[in-house]
Structures are given as C-alpha cells and as structure tokens.
Amino acid sequence: MANVSVYNIEGNQVGEIELSDAVFGVEINEHLLHMAVVNHLAAKRQGTQSAKTRSEVSGGGKKPYRQKGTGHARQGSTRAPQWTGGGVVFAPKPRDYSFKLNKKERRAALKSALTSKVVENKIIVLDAFNMDEIKTKKFQAVMDALKVSKALVVVDDNANVVLSARNIPTVKTASTSTINVYDILKYDTLVVTQDAVATITEVYA
C-alpha cells in the first residue's frame, strides 16, 4: 500500500494516509483509459447536425426542360444534388454518438486513472476542506498554499467550496459520485479530502 502525506488547507503536512492498492495501486490499463476518455467525449457531443436529402427539399417536381434536343444532359429535377438549392448526398442527420462501456471497464479505467496520479506523485490529500463562506479569494489562497494551479478538487458535498471555485478556470470541483477518468487525466493535480478517499475506497475497492 502506498503512503501519501496529508496536508491542511494552509499547506502544512499534518500526517500520512495509507491508500488501498485495490483502488490506488492497480496495474494501469492504457487501453481502458483511452476508451473511457473517448466514451466521455462522445457522450458530450450534441449530434444535432442536419441537412436535407433531395427527397426532403421542397420544389423540383417539374422537369426543368425537355429530355432531348437541348444539348444539355438530361435532368429530372432541380432538387438533385448537382443543382444549386438541391439536396445533399448522404446528408448528415441527428444522431447519438455515445456508446456503452461496461461497468467493469468503467471501474477499472477509473482505478487506473487514480493509480496514475499516485505513480506520478500528483495527488494531494487534505485532512479537511471546509469553507464557512463563498469566497473565491479564499479558495485560491488554498490552491496557492498547496502550490497547485490546474487541479481537480474532490470533496464530499460542500456547496461553499464548489461555489467558491466556479470562477477559477483552471480548477474544477467534483464529488465522489461524479468523478470520471477524463477529468482526472485532464487536470495536472488531484486534490482530495480524507473523507473522499475513504468513500472512493469503499465504493471501488
């Protein structure tokens, strides 16, 4: 089991915590990490693009000119794709880009992402992270004390902490129920409270 230092919000080390190998010490599966990221991004795609095929464009019912004798190629409709104002060949239609990732794969990918942060020494455990008021400056002071800039902060539901971080573009907050592989890998540092570590271990071990 890996031992990680525990800090307070002033940036001072106050102890150590032992991380479970079942969650923070697994073999890193890069293929599953890739699949989890692709799945996350695919699910976020709107897929609302749409264009009309020749059968959907209004008009074009009358043959534009007679079949023979004009010197031009024969044409049956002004809504054919080669005409200006005509339909689109293989027109894009609204679709859902998401695909299923099995539960075991999702869990394994999340464990791999958490383990990668431990291996890279990019995880910071806080003894607690509570704020008695909504104050962006105070939240930023904590980040400065911990010497982190681009960070994912995982806390058990704490509205003041979440609201205080909203205006900091390089920081994102998440709860133990909303963490995902994409965010863990996207942000340089994972900042997590002791209570959140205990909850994650309980759920995923």
# chains A, B, ... in the order shown; residues from 1 in each chain; ligands from 1
>>> select_by_dssp(residues="range 7-201 of chain A", states="strand (DSSP E or B)", output="PyMOL selection string")
chain A and resi 7+13-19+123-126+151-154+171-174+189-193
>>> residues_around(residues="range 70-87 of chain A", least_positions_apart="3", cutoff="12 Å", atoms="only C-alpha atoms", output="list in words")
Ser50, Ala51, Lys52, Thr53, Arg54, Ser55, Glu56, Val57, Ser58, Gly59, Gly60, Gly61, Lys62, Lys63, Pro64, Tyr65, Arg66, Gln67, Phe90, Ala91 and Pro92 of chain A
>>> closest_residue(among="A:Asp144, A:Glu105, A:Asp132, A:Asp21", to="Ile9 in chain A", atoms="only C-alpha atoms")
A:Asp144
>>> closest_residue(among="A:Leu41, A:Val6, A:Val191, A:Val181", to="Ser98 in chain A", atoms="only C-alpha atoms")
A:Leu41
>>> residues_around(residues="range 145-156 of chain A", least_positions_apart="3", cutoff="9 Å", atoms="only C-alpha atoms", output="ChimeraX atom specification")
/A:7-12,124,128-129,140-142,161-162,169-177,179,183-184,186-197,199
>>> closest_residue(among="A:Ala159, A:Ala198, A:Ala109, A:Ala2", to="Ile28 in chain A", atoms="only C-alpha atoms")
A:Ala109
>>> residues_around(residues="Tyr182 in chain A", least_positions_apart="6", cutoff="9 Å", atoms="only C-alpha atoms", output="PyMOL selection string")
chain A and resi 33+36-38+40-41+113
>>> write_last_selection(atoms="N, CA, C and O atoms", output="compact mmCIF listing (two decimals), in the first residue's frame")
# COMPACT_ATOMS: atom_id res chain seq x y z
N LEU A 33 -8.19 3.37 -20.33
CA LEU A 33 -8.16 4.82 -20.13
C LEU A 33 -8.57 5.53 -21.42
O LEU A 33 -9.37 6.47 -21.39
N ALA A 36 -12.31 5.06 -22.04
CA ALA A 36 -13.12 5.86 -21.12
C ALA A 36 -13.16 7.33 -21.55
O ALA A 36 -14.20 7.99 -21.47
N VAL A 37 -12.02 7.85 -22.00
CA VAL A 37 -11.97 9.25 -22.45
C VAL A 37 -12.80 9.42 -23.72
O VAL A 37 -13.57 10.38 -23.85
N VAL A 38 -12.66 8.50 -24.68
CA VAL A 38 -13.43 8.58 -25.92
C VAL A 38 -14.93 8.48 -25.61
O VAL A 38 -15.75 9.22 -26.18
N HIS A 40 -16.45 9.36 -22.83
CA HIS A 40 -16.86 10.60 -22.18
C HIS A 40 -17.08 11.72 -23.21
O HIS A 40 -18.09 12.43 -23.17
N LEU A 41 -16.13 11.86 -24.13
CA LEU A 41 -16.23 12.92 -25.13
C LEU A 41 -17.36 12.65 -26.12
O LEU A 41 -18.05 13.58 -26.56
N ALA A 113 -6.82 5.47 -13.63
CA ALA A 113 -6.60 6.92 -13.61
C ALA A 113 -6.13 7.38 -12.23
O ALA A 113 -5.19 8.19 -12.11
>>> closest_residue(among="A:Lys100, A:Lys111, A:Arg95, A:Lys68", to="Asn29 in chain A", atoms="only C-alpha atoms")
A:Lys111
>>> closest_residue(among="A:Asn167, A:Asn3, A:Val14, A:Gly47", to="Pro94 in chain A", atoms="only C-alpha atoms")
A:Gly47
>>> atom_distance(atom1="CA of Ile134 in chain A", atom2="CA of Lys122 in chain A")
26.7 Å
>>> atom_distance(atom1="CA of Glu120 in chain A", atom2="CA of Lys103 in chain A")
26.0 Å
